[in-house]
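Okay, so here's the structure we're looking at.
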Amino acid sequence: MGKTAVVIGASVAGLAAARVLSDHYGSVVVLERDELPDIIAPRRGVPQSAHSHVLLAAGLREFERLLPGFREDLIAAGGTAIDVGSELHLSRYQRVWPPVRSGVEFVSLSRPMLELILRQRVAKLPPVLIRADVAVTALTGAADAVTGVRLATGECIEAELVVDCTGRAGRSDRWLTELGWPAPEQADVRIGLGYATRVFRRGPDDLPGWKGIVTLPEPPHESMVGVAFPIEDDRWLVSLIGLHAGDLPEDAASFSAAARALPHPAIAELLDRVPPVTEPVTARLRSNHRRLFERLDRVPAGYAALGDAICSFNPFYGHGMTVGVQQAAALGAALERHGRASAELVRDYYRAAAEVADTPWQMAVDGDFAYPKTTGPRPRGVGLRNLFATRLMLASQVRPDLKLTFFGVLHLVVPPEELMRPRVVLEALRYGRRPGRGNPLASFIRQHSSRRWLKAFGLATAPADRLAGRVSHGRITSLGLVGLPSLMLTTTGRRTGRRRCQPLLYTRDGDEYVVAGTNWGRPAQPGWSANLLARPSALAEVRGRRIPVRAELAEGAERERLWRLITPGWPAYQTYAAATKREVRVFRLIPLDKYAKP
């Protein structure tokens with residue numbers, strides 16, 4: 001075991017490094033220039049700490065390995081465990097991903113709370129000493145190695161290994177060149193990102209059916225991301241994140257307006273129900289930034305950069321903290337192999353650290369280059385990869401297995417090679433169609449299907465819609481006029497025996513028609529669905545064609561299959577289902593000439 005290791009910076013990456021180094025050194029000194037009070041508060045050295053942060057599933061698993069019980073510590077402090085497949089309201093391309101249990105989980109809480117819990121755990125390790133309000137001004141070194149650090153007070157601390165976790169604004173380049181070592185090449189991809197964040201009070205029934213919201217834009221004409229995550233003390237942390245952002249919403253009115261301008265209304269509707277706790281705060285980030293230490297011909301023994309000091313991503317993708325702990329684990333593995341902080345160890349570690357960063361860097365940079373204003377070194381093949389990623393995301397909205405694979409890759413727990421399997425590629429090409437293409441008005445109505453004004457309009461015009469549909473035999477309905485597939489369904493009243501007509505959206509499933517009893521998200525089941533349960537024989541009128549049908553209620557796996565089939569055509573189905581505690585009835589309408597009696 002070595003004598004002393006120094007970690008510069010008590011960030012998440014620095015604390016992860018200290019935990020790993022505690023297995024290899026008798027003394028681990030963490031030096032932090034900020035004050036570190038035992039309270040939950042943003043600090044100067046992490047200007048983005050007031051905004052949304054996610055420790056991805058891979059990062060959570062790595063911390064749990066390094067610090068057993070870490071997940072439970074986060075939850076005990078008020079964190080919320082969220083399954084990314086079934087408990088996160090995710091929307092893009094005018095529709096919501098259907099919930100699918102994934103087993104891929106993260107814990108949502110504020111960045112200051114996460115740091116506090118991590119710092120308290122690491123500080124209890126016998127070799128670790130955390131010193132706050134201490135500024136490092138230079139490295140000390142010999143001809144072939146870094147041998148320690150010099151503080152602003154003039155104090156020098158000797159170390160066998162110095163780990164630089166000072167972040168993207170760190171001084172590693174100057175520190176190395178002052179000792180005669182080359183500074184690494186750098187890559188800078190400018191994204192002009194802006195954050196606006198506000199905290200709201202959280203109640204138990206604010207978001208029925210979900211634990212958090214992520215609303216994604218469709219590039220290049222949409223550029224604002226919206227997230228609403230639960231954090232400790234029964235609060236919502238709501239962040240609006242824009243690429244190439246101009247003015248940021250800095251007051252309550254502009255924040256509310258920006259939330260209402262998001263592609264999906266889920267966050268705006270949430271904010272209508274919850275009281276604010278804070279005023280909006282803002283922050284900006286100029287670029288993705290990477291230092292290519294792995295390309296250096298010469299490296300000193302005894303010095304390694306880690307975390308944002310190597311690679312700082314567009315923070316929306318949530319990769320930073322996870323990459324930091326994974327690079328710390330890679331440093332520990334290199335120490336296991338080499339035994340001491342030699343130049344060979346450093347080169348070995350930088351190669352491993354680059355491999356850790358490569359996949360999330362490509363994800364972030366590819367996504368950012370979907371916007372024409374993004375500048376910097378453009379990766380080869382980015383256009384083709386973005387095209388495939390779009391098809392894959394669209395297909396994952398209707399194919400549960402693709403959703404599990406896709407979000408497993410995003411959370412760095414599934415190898416990205418899984419996305420290139422022939423089955424995945426074929427399903428992406430087959431099912432990755434955009435909703436609403438071919439009719440701009442239909443696309444607009446689908447996009448705004450969850451808006452309250454459209455629901456109010458539909459309820460107000462329902463009697464006239466029924467009359468027009470009945471007289472025209474399904475040729476004229478309000479949604480049919482804008483190009484959406486609709487039919488007129490005539491049922492027999494279960495109590496009165498009278499004919500009842502109802503215009504409905506439908507989705508084709510082979511020769512059958514699939515309809516859903518959402519009732520605009522109201523508590524009661526629609527009357528026509530109760531009629532079908534009592535008397536399954538009905539008449540469907542589609543563009544003037546009169547089609548006698550037999551209705552069958554879909555249940556179990558068949559209902560789930562049909563639900564995934566119909567939701568892309570009308571994204572609001574997901575919103576309506578979440579707004580009511582009942583299970584939405586889904587029916588197959590089978591033409592009698594195709595109906596086979598059991």
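In the structure tokens, each chain is lettered A, B, ... as it comes, each chain's residues begin at 1, and ligands are numbered from 1 in order of appearance.
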Long-range neighbours of stretch 383-396 of chain A as an MDAnalysis selection string, 8 Å cut-off, only C-alpha atoms, 5 positions minimum in chain: chainID A and resid 93 97 366:367 370 401:403 406 425 427:434
Nearby residues (only C-alpha atoms) at most 9 Å from A:Thr492, same-chain spacing under 3 positions excluded, as a PDB file with C-alpha atoms, in the first residue's frame:
ATOM      1  CA  ARG A 495     -80.750  -0.425 -20.088  1.00  0.00           C
ATOM      2  CA  THR A 496     -82.935   1.272 -22.674  1.00  0.00           C
ATOM      3  CA  GLY A 497     -82.332  -0.971 -25.680  1.00  0.00           C
ATOM      4  CA  ARG A 498     -82.079   2.164 -27.818  1.00  0.00           C
ATOM      5  CA  ARG A 499     -79.441   2.821 -30.461  1.00  0.00           C
ATOM      6  CA  ARG A 500     -76.563   4.998 -29.228  1.00  0.00           C
ATOM      7  CA  CYS A 501     -74.057   6.595 -31.602  1.00  0.00           C
ATOM      8  CA  TRP A 528     -70.725   3.058 -25.095  1.00  0.00           C
ATOM      9  CA  ASN A 531     -73.093  -1.066 -23.794  1.00  0.00           C
ATOM     10  CA  LEU A 532     -70.546  -3.228 -25.643  1.00  0.00           C
ATOM     11  CA  ALA A 534     -73.635  -6.005 -22.226  1.00  0.00           C
ATOM     12  CA  ARG A 535     -74.388  -6.356 -25.957  1.00  0.00           C
ATOM     13  CA  PRO A 536     -71.247  -6.926 -28.068  1.00  0.00           C
ATOM     14  CA  SER A 537     -72.986  -6.668 -31.440  1.00  0.00           C
ATOM     15  CA  ALA A 538     -72.600  -3.195 -32.906  1.00  0.00           C
TER      16      ALA A 538
END
Considering only C-alpha atoms, return as a PyMOL selection string whatever protein or nucleic-acid residues lie within 7 Å of A:Gln327, sequence-local ones (same chain, fewer than 4 positions apart) excluded. chain A and resi 306-307+323+331+353+356
Keeping all heavy atoms, export the residues of the selection given above as a PDB file, in the first residue's frame.
ATOM      1  N   LEU A 306      -9.257  13.295 -13.870  1.00  0.00           N
ATOM      2  CA  LEU A 306     -10.418  12.419 -13.749  1.00  0.00           C
ATOM      3  C   LEU A 306     -11.688  13.255 -13.804  1.00  0.00           C
ATOM      4  O   LEU A 306     -11.716  14.409 -13.386  1.00  0.00           O
ATOM      5  CB  LEU A 306     -10.338  11.651 -12.423  1.00  0.00           C
ATOM      6  CG  LEU A 306     -11.268  10.456 -12.185  1.00  0.00           C
ATOM      7  CD1 LEU A 306     -10.595   9.422 -11.295  1.00  0.00           C
ATOM      8  CD2 LEU A 306     -12.582  10.900 -11.552  1.00  0.00           C
ATOM      9  N   GLY A 307     -12.772  12.685 -14.323  1.00  0.00           N
ATOM     10  CA  GLY A 307     -14.062  13.353 -14.364  1.00  0.00           C
ATOM     11  C   GLY A 307     -14.096  14.488 -15.362  1.00  0.00           C
ATOM     12  O   GLY A 307     -13.585  14.377 -16.478  1.00  0.00           O
ATOM     13  N   VAL A 323     -19.881   8.978 -15.435  1.00  0.00           N
ATOM     14  CA  VAL A 323     -18.559   8.796 -16.036  1.00  0.00           C
ATOM     15  C   VAL A 323     -17.472   9.023 -14.991  1.00  0.00           C
ATOM     16  O   VAL A 323     -16.457   8.311 -14.957  1.00  0.00           O
ATOM     17  CB  VAL A 323     -18.387   9.741 -17.240  1.00  0.00           C
ATOM     18  CG1 VAL A 323     -16.931   9.791 -17.700  1.00  0.00           C
ATOM     19  CG2 VAL A 323     -19.267   9.282 -18.398  1.00  0.00           C
ATOM     20  N   LEU A 331      -9.358   3.820 -12.553  1.00  0.00           N
ATOM     21  CA  LEU A 331      -8.088   4.145 -11.882  1.00  0.00           C
ATOM     22  C   LEU A 331      -7.757   3.075 -10.841  1.00  0.00           C
ATOM     23  O   LEU A 331      -6.595   2.648 -10.725  1.00  0.00           O
ATOM     24  CB  LEU A 331      -8.185   5.526 -11.229  1.00  0.00           C
ATOM     25  CG  LEU A 331      -6.950   6.007 -10.471  1.00  0.00           C
ATOM     26  CD1 LEU A 331      -5.738   6.088 -11.391  1.00  0.00           C
ATOM     27  CD2 LEU A 331      -7.224   7.362  -9.814  1.00  0.00           C
ATOM     28  N   ALA A 353      -9.876   5.404 -19.225  1.00  0.00           N
ATOM     29  CA  ALA A 353     -10.762   6.545 -18.978  1.00  0.00           C
ATOM     30  C   ALA A 353     -11.377   7.052 -20.277  1.00  0.00           C
ATOM     31  O   ALA A 353     -12.551   7.468 -20.309  1.00  0.00           O
ATOM     32  CB  ALA A 353      -9.988   7.668 -18.287  1.00  0.00           C
ATOM     33  N   VAL A 356     -14.204   4.809 -21.232  1.00  0.00           N
ATOM     34  CA  VAL A 356     -15.384   5.116 -20.431  1.00  0.00           C
ATOM     35  C   VAL A 356     -16.137   6.304 -21.023  1.00  0.00           C
ATOM     36  O   VAL A 356     -17.370   6.321 -21.089  1.00  0.00           O
ATOM     37  CB  VAL A 356     -14.987   5.410 -18.972  1.00  0.00           C
ATOM     38  CG1 VAL A 356     -16.149   6.019 -18.192  1.00  0.00           C
ATOM     39  CG2 VAL A 356     -14.503   4.133 -18.285  1.00  0.00           C
TER      40      VAL A 356
END
Between atom CA of A:Leu36 and atom CA of A:Ile117, what distance in Å does the model show, to one decimal? 12.2 Å
For A:Lys3, which residue out of A:Ala50, A:Leu161, A:Leu151, A:Ala540 is the nearest one, using only C-alpha atoms?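 Nearest to A:Lys3: A:Leu161.
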Can you tell me, as a PyMOL selection string, what residues are no more than 10 Å from A:Thr567 when counting only C-alpha atoms, ignoring any on the same chain fewer than 4 positions away? chain A and resi 95-98+397-398+507+516+562-563+571-574
Report the distance between atom CA of A:Leu484 and atom CA of A:Pro526 in Å, rounded to one decimal place.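 Separating atom CA of A:Leu484 from atom CA of A:Pro526 is a distance of 20.7 Å.
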Identify, on the basis of only C-alpha atoms, every residue whose closest approach to A:Val146 does not exceed 7 Å; exclude the query and any residue fewer than 4 positions from it along the same chain; express the result as a PDB file with C-alpha atoms, in the first residue's frame.
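Dumped everything to selection00.pdb:
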ATOM      1  CA  LEU A 139       1.979  20.828  -8.843  1.00  0.00           C
ATOM      2  CA  THR A 140       5.399  19.918  -7.528  1.00  0.00           C
ATOM      3  CA  GLY A 141       7.560  17.519  -9.437  1.00  0.00           C
ATOM      4  CA  ALA A 142      10.861  15.932 -10.373  1.00  0.00           C
ATOM      5  CA  PRO A 300       4.431  12.094 -15.825  1.00  0.00           C
ATOM      6  CA  ALA A 301       4.218   9.398 -13.220  1.00  0.00           C
ATOM      7  CA  GLY A 302       2.166  10.330 -10.187  1.00  0.00           C
ATOM      8  CA  TYR A 303      -0.507  12.461 -11.854  1.00  0.00           C
TER       9      TYR A 303
END
Could you state the separation of atom CA of A:Pro126 and atom CA of A:Val20 in Å, given to one decimal place? 12.7 Å
Please identify which residues in stretch 526-587 of chain A DSSP calls strand (DSSP E) from the backbone, and express them as an NGL selection string. :A and (537-542 or 545-553 or 586-587)
Hey, can you spit out that residue selection with C-alpha atoms as an mmCIF file, in the first residue's frame?
data_model
loop_
_atom_site.group_PDB
_atom_site.id
_atom_site.type_symbol
_atom_site.label_atom_id
_atom_site.label_comp_id
_atom_site.auth_asym_id
_atom_site.auth_seq_id
_atom_site.Cartn_x
_atom_site.Cartn_y
_atom_site.Cartn_z
ATOM 1 C CA SER A 537 -72.986 -6.668 -31.440
ATOM 2 C CA ALA A 538 -72.600 -3.195 -32.906
ATOM 3 C CA LEU A 539 -72.337 -1.243 -36.138
ATOM 4 C CA ALA A 540 -69.218 0.614 -37.253
ATOM 5 C CA GLU A 541 -69.579 3.211 -39.999
ATOM 6 C CA VAL A 542 -66.307 4.176 -41.668
ATOM 7 C CA ARG A 545 -69.317 1.966 -45.151
ATOM 8 C CA ARG A 546 -71.677 0.163 -42.748
ATOM 9 C CA ILE A 547 -69.770 -2.676 -41.073
ATOM 10 C CA PRO A 548 -71.541 -4.959 -38.574
ATOM 11 C CA VAL A 549 -68.994 -5.856 -35.906
ATOM 12 C CA ARG A 550 -68.588 -7.975 -32.807
ATOM 13 C CA ALA A 551 -66.821 -6.227 -29.927
ATOM 14 C CA GLU A 552 -64.338 -8.047 -27.695
ATOM 15 C CA LEU A 553 -62.768 -6.515 -24.612
ATOM 16 C CA VAL A 586 -59.692 -1.316 -25.092
ATOM 17 C CA PHE A 587 -61.957 -3.121 -27.576
#
To test your reading of the structure, identify every residue in stretch 198-442 of chain A that backbone DSSP assigns to alpha helix (DSSP H), and report it as a count of residues only. 101
Quick one: of A:Gly332, A:Gly527, A:Pro42, A:Pro591, who's nearest to A:Ala18, counting only C-alpha atoms? A:Gly332
Of the candidates A:Val409, A:Arg65, A:Asp144, A:Leu426, which shows the shortest atom-to-atom distance to A:Glu344, using only C-alpha atoms?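 For A:Glu344, the nearest of the candidates is A:Asp144.
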Give me the stretch 239-285 of chain A side of the contact with stretch 181-201 of chain A, cut-off 9 Å, one line per residue showing its nearest atom pair and distance in Å at one decimal, counting only C-alpha atoms, sorted by chain and residue number, as CSV.
residue,atom,partner,partner_atom,distance
A:Ser239,CA,A:Thr197,CA,4.2
A:Leu240,CA,A:Ala196,CA,5.2
A:Ile241,CA,A:Tyr195,CA,4.7
A:Gly242,CA,A:Gly194,CA,5.3
A:Leu243,CA,A:Leu193,CA,4.5
A:His244,CA,A:Gly192,CA,4.2
A:Ala245,CA,A:Gly194,CA,5.6
A:Gly246,CA,A:Gly194,CA,8.0
A:Asp247,CA,A:Gly194,CA,8.7
A:Leu248,CA,A:Ala196,CA,6.5
A:Pro249,CA,A:Ala196,CA,6.3
A:Glu250,CA,A:Ala196,CA,7.1
A:Ala252,CA,A:Arg198,CA,8.8
A:Phe255,CA,A:Ala196,CA,7.7
A:Leu271,CA,A:Phe200,CA,8.0
A:Val274,CA,A:Arg201,CA,6.0
A:Pro275,CA,A:Arg201,CA,5.6
A:Pro276,CA,A:Phe200,CA,4.1
A:Val277,CA,A:Phe200,CA,4.9
A:Thr278,CA,A:Val199,CA,5.4
A:Glu279,CA,A:Arg198,CA,5.9
A:Pro280,CA,A:Arg198,CA,4.5
A:Val281,CA,A:Thr197,CA,5.4
A:Thr282,CA,A:Ala196,CA,4.4
A:Ala283,CA,A:Tyr195,CA,5.1
A:Arg284,CA,A:Gly194,CA,4.4
A:Leu285,CA,A:Leu193,CA,5.1
What are the closest atom pairs, with distances in Å to one decimal, for all residues of stretch 305-420 of chain A lying within 8 Å of stretch 55-62 of chain A? Consider only C-alpha atoms, order rows by chain and residue number, and present the result as a tab-separated table.
residue	atom	partner	partner_atom	distance
A:Gly318	CA	A:Leu56	CA	6.7
A:His319	CA	A:Leu56	CA	7.0
A:Met321	CA	A:Leu55	CA	6.1
A:Thr322	CA	A:Gly59	CA	4.2
A:Val323	CA	A:Gly59	CA	7.3
A:Val325	CA	A:Gly59	CA	6.5
A:Gln326	CA	A:Gly59	CA	7.1
A:His411	CA	A:Leu56	CA	5.3
A:Leu412	CA	A:Ala58	CA	5.5
A:Val413	CA	A:Ala58	CA	5.4
For A:Ile8, which residue out of A:Ala309, A:Leu118, A:Ile40, A:Val424 is the nearest one, using only C-alpha atoms?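 When distances to A:Ile8 are compared using only C-alpha atoms, the smallest one comes from A:Ala309.
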When you count only C-alpha atoms, which of these residues is closest to A:Glu87: A:Asp234, A:Glu105, A:Asp297, A:Asp173?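 Comparing A:Asp234, A:Glu105, A:Asp297, A:Asp173 against A:Glu87, the winner is A:Glu105.
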